[in-house]
Amino acid sequence: MSMKRSTNDLVIVGGGAAGMFAAAQAVKRGLRVLLLEQNDRLGKKLAITGKGRCNVTNRCAPEDVLKNIPRNPRFLYSAICGFPPERTMAFFEENGCPLKTERGNRVFPVSDRSADVIAALERAMRSPLLERRQEAVRGLLAQEGRIVGVKTQNGVISCEKVLLCTGGASYPLTGSTGDGYRMAKELGHNIIAPTGSLVPLISDSDCVRLQGLSLRNTELKLLDKKGKTVFQEFGELLFTHFGISGPMALSASAQMKEGEHYSVSLDLKPALNESKLDARFLRDLEKYANRSMENALADLYPRSMIPVLLERCGIDPSMQANALTKRLRRSLLEQTKRFIIPISGTRPVEEAIITRGGVDVKQIHPKTMESKLVEGLYFAGEIIDCDAYTGGFNLQIAWATAYSAVYAIADSRFDKPADKRYNIESF
């Protein structure tokens with residue numbers, strides 16, 4: 001296999017969000033960059049993010065970003081503070097992608113087109129210092145604990161600095177095949193087993209009868225096997241043929257631990273306390289006194305939900321509204337405020353928006369994103385064992401970690417970790 005001498009300061013493996021952003025930041029700092037991407041175009045996963053709209057970040061303070069990262073937030077403290085959401089927004093605005101802020105401080109391109117986010121990154125990358133190649137990387141080469149080269153489908157490229165931005169294991173058709181995990185593991189890194197995060201939830205309950213129903217202004221609680229609330233959110237939910245999806249269900253999945261049992265409790269009318277809800281029942285039952293229960297509740301609930309609610313309460317759908325007893329009305333109230341959905345699992349990691357797991361953060365310097373085991377090897381984006389809730393936080397992790405890595409490579413002002421060489425054959 002031929003050895004090619006690299007004239008580059010940095011080889012970036014992976015042309016997704018983190019890789020493209022890292023390339024843009026690197027050329028801005030005068031680094032000569034070789035970007036290797038196996039797909040025929042860059043930003044393939046970015047193109048489908050946020051249903052094609054691309055939620056680039058969340059307009060909030062760094063501490064609020066960290067509150068929305070349930071896994072290893074302390075590791076990301078320096079990165080998020082060093083490159084917070086306001087700098088992300090400034091970057092895209094400066095590179096020709098006007099932004100807008102929507103509910104929950106979610107930030108999108110004004111055009112609602114992820115293509116404009118990718119175009120902004122392409123503009124920022126444009127430089128004679130950047131070389132791009134469609135080339136699959138097979139492995140990394142290290143000697144005496146130091147990066148010396150990259151093995152590709154076409155040969156070996158010698159280099160001293162490599163930034164792995166290969167993504168996770170979700171959406172494998174976009175190129176996130178988990179190859180980065182293998183490369184890191186071959187050099188001695190511990191890989192936290194990848195599972196789906198921000199992934200739809202499976203339920204074998206009667207809620208599958210509600211397939212296609214979308215709820216807004218609903219409160220969701222994720223309950224553990226003891227009934228304790230481990231996550232709570234207000235927003236949107238979608239019933240599917242396998243269970244539930246939508247923003248709240250996806251965020252709830254990020255709190256679930258493997259092997260544990262969970263259920264979801266929905267408050268279908270969170271704006272009404274129990275006494276106000278009961279008063280509303282009484283008004284509607286009086287208003288539609290001679291109608292069947294199936295029709296008397298049409299002002300309160302989506303049509304497809306009424307049969308499920310009535311069945312859960314043991315109420316005959318054909319019963320006249322004026323015949324409903326106080327006990328049955330109480331049952332209806334309880335189901336409205338605590339609509340329980342037992343969760344039997346999550347959809348496969350391939351269907352997850354992002355991956356939980358990856359390179360163990362204990363083996364990465366948090367200020368520089370450099371490996372503690374292999375000098376000259378850096379990580380950015382989803383390959384690192386960090387994940388967040390929906391709302392633009394995961395892309396913010398990608399931008400911030402890529403920035404930290406490039407800043408460390410380009411600027412000697414970072415405090416260098418103690419000079420310690422590792423023999424990778426010993427791991």
# chains A, B, ... in the order shown; residues from 1 in each chain; ligands from 1
$ residues_around --residues "Arg87 (chain A)" --least-positions-apart "5" --cutoff "12 Å" --atoms "only C-alpha atoms" --output "PyMOL selection string"
chain A and resi 56-62+80-82+92-94+396+399-400+403
$ residues_around --residues "Met125 (chain A)" --least-positions-apart "4" --cutoff "7 Å" --atoms "only C-alpha atoms" --output "list in words"
Ala23, Ala24, Val27 and Leu121 of chain A
$ atom_distance --atom1 "CA of Arg29 (chain A)" --atom2 "CA of Thr88 (chain A)"
17.0 Å
$ select_by_dssp --residues "region 206-321 of chain A" --states "strand (DSSP E)" --output "VMD selection string"
chain A and resid 214 to 223 229 to 239 243 to 245 262 to 267
$ select_by_dssp --residues "region 11-108 of chain A" --states "helix (DSSP H, G or I)" --output "ChimeraX atom specification"
/A:17-28,46-48,62-67,74-82,85-94,103-105
$ residues_around --residues "Glu286 (chain A)" --least-positions-apart "6" --cutoff "10 Å" --atoms "only C-alpha atoms" --output "PyMOL selection string"
chain A and resi 280+296+321-322
$ residues_around --residues "Lys221 (chain A)" --least-positions-apart "5" --cutoff "8 Å" --atoms "only C-alpha atoms" --output "list in words"
Thr229, Val230, Phe231, Gln232, Glu233, Val264, Ser265 and Leu266 of chain A
$ residues_around --residues "region 297-299 of chain A" --least-positions-apart "4" --cutoff "10 Å" --atoms "only C-alpha atoms" --output "PyMOL selection string"
chain A and resi 281+284-285+288+291-293+303-306+310+321
$ write_last_selection --atoms "all heavy atoms" --output "mmCIF file, in the first residue's frame"
data_model
loop_
_atom_site.group_PDB
_atom_site.id
_atom_site.type_symbol
_atom_site.label_atom_id
_atom_site.label_comp_id
_atom_site.auth_asym_id
_atom_site.auth_seq_id
_atom_site.Cartn_x
_atom_site.Cartn_y
_atom_site.Cartn_z
ATOM 1 N N PHE A 281 -66.378 19.203 32.594
ATOM 2 C CA PHE A 281 -67.160 17.994 32.319
ATOM 3 C C PHE A 281 -68.648 18.256 32.548
ATOM 4 O O PHE A 281 -69.496 17.922 31.706
ATOM 5 C CB PHE A 281 -66.718 16.844 33.251
ATOM 6 C CG PHE A 281 -65.463 16.142 32.816
ATOM 7 C CD1 PHE A 281 -64.637 15.557 33.758
ATOM 8 C CD2 PHE A 281 -65.109 16.033 31.483
ATOM 9 C CE1 PHE A 281 -63.479 14.889 33.393
ATOM 10 C CE2 PHE A 281 -63.949 15.368 31.095
ATOM 11 C CZ PHE A 281 -63.133 14.805 32.059
ATOM 12 N N ASP A 284 -70.228 20.380 29.804
ATOM 13 C CA ASP A 284 -70.409 19.663 28.540
ATOM 14 C C ASP A 284 -71.476 18.583 28.648
ATOM 15 O O ASP A 284 -72.251 18.362 27.700
ATOM 16 C CB ASP A 284 -69.083 19.039 28.098
ATOM 17 C CG ASP A 284 -68.160 20.062 27.444
ATOM 18 O OD1 ASP A 284 -68.334 21.262 27.727
ATOM 19 O OD2 ASP A 284 -67.292 19.661 26.639
ATOM 20 N N LEU A 285 -71.522 17.904 29.796
ATOM 21 C CA LEU A 285 -72.524 16.848 29.978
ATOM 22 C C LEU A 285 -73.929 17.434 30.038
ATOM 23 O O LEU A 285 -74.901 16.814 29.590
ATOM 24 C CB LEU A 285 -72.210 16.058 31.258
ATOM 25 C CG LEU A 285 -70.924 15.208 31.211
ATOM 26 C CD1 LEU A 285 -70.618 14.642 32.592
ATOM 27 C CD2 LEU A 285 -71.054 14.086 30.189
ATOM 28 N N TYR A 288 -74.778 18.627 26.371
ATOM 29 C CA TYR A 288 -75.094 17.520 25.458
ATOM 30 C C TYR A 288 -75.778 16.373 26.211
ATOM 31 O O TYR A 288 -75.494 15.195 25.990
ATOM 32 C CB TYR A 288 -73.812 17.015 24.797
ATOM 33 C CG TYR A 288 -73.068 18.077 24.012
ATOM 34 C CD1 TYR A 288 -71.786 18.476 24.380
ATOM 35 C CD2 TYR A 288 -73.654 18.685 22.900
ATOM 36 C CE1 TYR A 288 -71.096 19.443 23.662
ATOM 37 C CE2 TYR A 288 -72.979 19.648 22.179
ATOM 38 C CZ TYR A 288 -71.694 20.029 22.561
ATOM 39 O OH TYR A 288 -71.032 20.990 21.845
ATOM 40 N N ARG A 291 -77.135 13.397 24.274
ATOM 41 C CA ARG A 291 -76.248 12.737 23.304
ATOM 42 C C ARG A 291 -75.566 11.530 23.947
ATOM 43 O O ARG A 291 -75.503 11.405 25.171
ATOM 44 C CB ARG A 291 -75.179 13.705 22.809
ATOM 45 C CG ARG A 291 -75.713 14.824 21.933
ATOM 46 C CD ARG A 291 -74.553 15.552 21.285
ATOM 47 N NE ARG A 291 -74.998 16.692 20.477
ATOM 48 C CZ ARG A 291 -74.170 17.466 19.788
ATOM 49 N NH1 ARG A 291 -72.858 17.219 19.803
ATOM 50 N NH2 ARG A 291 -74.642 18.482 19.088
ATOM 51 N N SER A 292 -75.020 10.676 23.099
ATOM 52 C CA SER A 292 -74.236 9.554 23.616
ATOM 53 C C SER A 292 -72.917 10.097 24.142
ATOM 54 O O SER A 292 -72.462 11.168 23.732
ATOM 55 C CB SER A 292 -73.974 8.536 22.514
ATOM 56 O OG SER A 292 -73.117 9.101 21.515
ATOM 57 N N MET A 293 -72.299 9.341 25.027
ATOM 58 C CA MET A 293 -71.011 9.776 25.583
ATOM 59 C C MET A 293 -69.971 9.936 24.471
ATOM 60 O O MET A 293 -69.106 10.812 24.540
ATOM 61 C CB MET A 293 -70.517 8.774 26.621
ATOM 62 C CG MET A 293 -71.208 8.895 27.975
ATOM 63 S SD MET A 293 -71.010 10.539 28.736
ATOM 64 C CE MET A 293 -69.231 10.636 28.883
ATOM 65 N N ARG A 303 -61.408 13.240 18.222
ATOM 66 C CA ARG A 303 -62.423 12.211 17.965
ATOM 67 C C ARG A 303 -61.869 10.795 18.134
ATOM 68 O O ARG A 303 -62.517 9.934 18.741
ATOM 69 C CB ARG A 303 -62.985 12.413 16.560
ATOM 70 C CG ARG A 303 -63.987 11.367 16.110
ATOM 71 C CD ARG A 303 -65.249 11.373 16.928
ATOM 72 N NE ARG A 303 -66.060 12.562 16.731
ATOM 73 C CZ ARG A 303 -67.242 12.758 17.311
ATOM 74 N NH1 ARG A 303 -67.736 11.835 18.124
ATOM 75 N NH2 ARG A 303 -67.917 13.870 17.104
ATOM 76 N N SER A 304 -60.657 10.543 17.643
ATOM 77 C CA SER A 304 -60.121 9.184 17.686
ATOM 78 C C SER A 304 -59.740 8.749 19.097
ATOM 79 O O SER A 304 -59.587 7.550 19.365
ATOM 80 C CB SER A 304 -58.903 9.063 16.775
ATOM 81 O OG SER A 304 -57.874 9.957 17.172
ATOM 82 N N MET A 305 -59.594 9.698 20.006
ATOM 83 C CA MET A 305 -59.176 9.357 21.363
ATOM 84 C C MET A 305 -60.351 8.979 22.255
ATOM 85 O O MET A 305 -60.177 8.271 23.259
ATOM 86 C CB MET A 305 -58.420 10.532 21.974
ATOM 87 C CG MET A 305 -57.714 10.203 23.269
ATOM 88 S SD MET A 305 -56.390 11.369 23.594
ATOM 89 C CE MET A 305 -55.156 10.266 24.277
ATOM 90 N N ILE A 306 -61.539 9.430 21.905
ATOM 91 C CA ILE A 306 -62.703 9.222 22.773
ATOM 92 C C ILE A 306 -63.006 7.740 23.020
ATOM 93 O O ILE A 306 -63.191 7.336 24.181
ATOM 94 C CB ILE A 306 -63.933 9.964 22.209
ATOM 95 C CG1 ILE A 306 -63.676 11.478 22.257
ATOM 96 C CG2 ILE A 306 -65.199 9.609 22.987
ATOM 97 C CD1 ILE A 306 -64.736 12.324 21.567
ATOM 98 N N LEU A 310 -63.028 6.085 26.812
ATOM 99 C CA LEU A 310 -64.249 5.490 27.353
ATOM 100 C C LEU A 310 -64.045 4.030 27.716
ATOM 101 O O LEU A 310 -64.515 3.561 28.761
ATOM 102 C CB LEU A 310 -65.396 5.631 26.340
ATOM 103 C CG LEU A 310 -65.876 7.061 26.056
ATOM 104 C CD1 LEU A 310 -66.976 7.066 25.007
ATOM 105 C CD2 LEU A 310 -66.359 7.746 27.341
ATOM 106 N N ALA A 321 -75.291 11.012 27.969
ATOM 107 C CA ALA A 321 -74.461 11.838 28.842
ATOM 108 C C ALA A 321 -75.116 12.086 30.194
ATOM 109 O O ALA A 321 -74.432 12.122 31.222
ATOM 110 C CB ALA A 321 -74.159 13.162 28.155
#
$ residues_around --residues "Arg133 (chain A)" --least-positions-apart "5" --cutoff "10 Å" --atoms "only C-alpha atoms" --output "list in words"
Gly15, Leu34, Leu35, Leu36, Glu37, Gln38, Asn39 and Asp40 of chain A
$ write_last_selection --atoms "N, CA and C atoms" --output "PDB file, in the first residue's frame"
ATOM      1  N   GLY A  15     -17.327  14.353   6.817  1.00  0.00           N
ATOM      2  CA  GLY A  15     -17.788  15.646   6.333  1.00  0.00           C
ATOM      3  C   GLY A  15     -19.213  15.949   6.726  1.00  0.00           C
ATOM      4  N   LEU A  34      -6.962  18.638   4.993  1.00  0.00           N
ATOM      5  CA  LEU A  34      -7.449  17.603   4.084  1.00  0.00           C
ATOM      6  C   LEU A  34      -8.712  17.024   4.706  1.00  0.00           C
ATOM      7  N   LEU A  35      -9.847  17.150   4.008  1.00  0.00           N
ATOM      8  CA  LEU A  35     -11.130  16.650   4.495  1.00  0.00           C
ATOM      9  C   LEU A  35     -11.496  15.397   3.707  1.00  0.00           C
ATOM     10  N   LEU A  36     -11.639  14.287   4.416  1.00  0.00           N
ATOM     11  CA  LEU A  36     -11.968  13.010   3.788  1.00  0.00           C
ATOM     12  C   LEU A  36     -13.399  12.614   4.145  1.00  0.00           C
ATOM     13  N   GLU A  37     -14.224  12.383   3.130  1.00  0.00           N
ATOM     14  CA  GLU A  37     -15.623  11.997   3.314  1.00  0.00           C
ATOM     15  C   GLU A  37     -15.965  10.924   2.304  1.00  0.00           C
ATOM     16  N   GLN A  38     -16.548   9.810   2.775  1.00  0.00           N
ATOM     17  CA  GLN A  38     -16.845   8.701   1.875  1.00  0.00           C
ATOM     18  C   GLN A  38     -18.079   8.946   1.002  1.00  0.00           C
ATOM     19  N   ASN A  39     -18.996   9.817   1.440  1.00  0.00           N
ATOM     20  CA  ASN A  39     -20.183  10.118   0.631  1.00  0.00           C
ATOM     21  C   ASN A  39     -19.828  11.029  -0.544  1.00  0.00           C
ATOM     22  N   ASP A  40     -20.729  11.056  -1.518  1.00  0.00           N
ATOM     23  CA  ASP A  40     -20.486  11.895  -2.697  1.00  0.00           C
ATOM     24  C   ASP A  40     -20.780  13.372  -2.425  1.00  0.00           C
TER      25      ASP A  40
END
$ closest_residue --among "A:Ile353, A:Leu272, A:Leu300, A:Leu76" --to "Ser253 (chain A)" --atoms "only C-alpha atoms"
A:Ile353
$ residues_around --residues "Asp204 (chain A)" --least-positions-apart "2" --cutoff "8 Å" --atoms "only C-alpha atoms" --output "count of residues only"
9
$ closest_residue --among "A:Ile48, A:Ile192, A:Met319, A:Ala120" --to "Asn295 (chain A)" --atoms "only C-alpha atoms"
A:Met319
$ atom_distance --atom1 "CA of Asn154 (chain A)" --atom2 "CA of Lys372 (chain A)"
29.0 Å
$ closest_residue --among "A:Gly376, A:Gly227, A:Gly139, A:Pro98" --to "Lys185 (chain A)" --atoms "only C-alpha atoms"
A:Gly139
$ atom_distance --atom1 "CA of Thr401 (chain A)" --atom2 "CA of Gln153 (chain A)"
27.4 Å
$ closest_atom_pairs --of "region 75-189 of chain A" --to "region 381-387 of chain A" --cutoff "9 Å" --atoms "only C-alpha atoms" --output "Markdown table"
| residue | atom | partner | partner_atom | distance |
| --- | --- | --- | --- | --- |
| A:Phe75 | CA | A:Cys386 | CA | 8.6 |
| A:Leu76 | CA | A:Cys386 | CA | 8.3 |
| A:Leu164 | CA | A:Ile383 | CA | 7.8 |
| A:Cys165 | CA | A:Gly381 | CA | 6.0 |
| A:Thr166 | CA | A:Ile383 | CA | 6.4 |
| A:Gly167 | CA | A:Glu382 | CA | 4.7 |
| A:Gly168 | CA | A:Ile383 | CA | 5.3 |
| A:Ala169 | CA | A:Ile383 | CA | 8.8 |
| A:Gly178 | CA | A:Ile383 | CA | 8.3 |
| A:Gly180 | CA | A:Ile383 | CA | 6.9 |
| A:Tyr181 | CA | A:Ile383 | CA | 7.0 |
$ write_last_selection --atoms "C-alpha atoms" --output "PDB file, in the first residue's frame"
ATOM      1  CA  PHE A  75     -17.073  17.227  30.186  1.00  0.00           C
ATOM      2  CA  LEU A  76     -18.588  19.764  27.756  1.00  0.00           C
ATOM      3  CA  LEU A 164     -12.366  12.175  13.883  1.00  0.00           C
ATOM      4  CA  CYS A 165     -15.847  13.503  13.019  1.00  0.00           C
ATOM      5  CA  THR A 166     -17.401  10.262  11.825  1.00  0.00           C
ATOM      6  CA  GLY A 167     -20.707  10.581  13.703  1.00  0.00           C
ATOM      7  CA  GLY A 168     -22.559   7.859  15.549  1.00  0.00           C
ATOM      8  CA  ALA A 169     -24.571   4.822  14.510  1.00  0.00           C
ATOM      9  CA  GLY A 178     -19.937   3.476  13.396  1.00  0.00           C
ATOM     10  CA  GLY A 180     -15.124   5.894  13.919  1.00  0.00           C
ATOM     11  CA  TYR A 181     -15.817   3.751  16.978  1.00  0.00           C
TER      12      TYR A 181
END
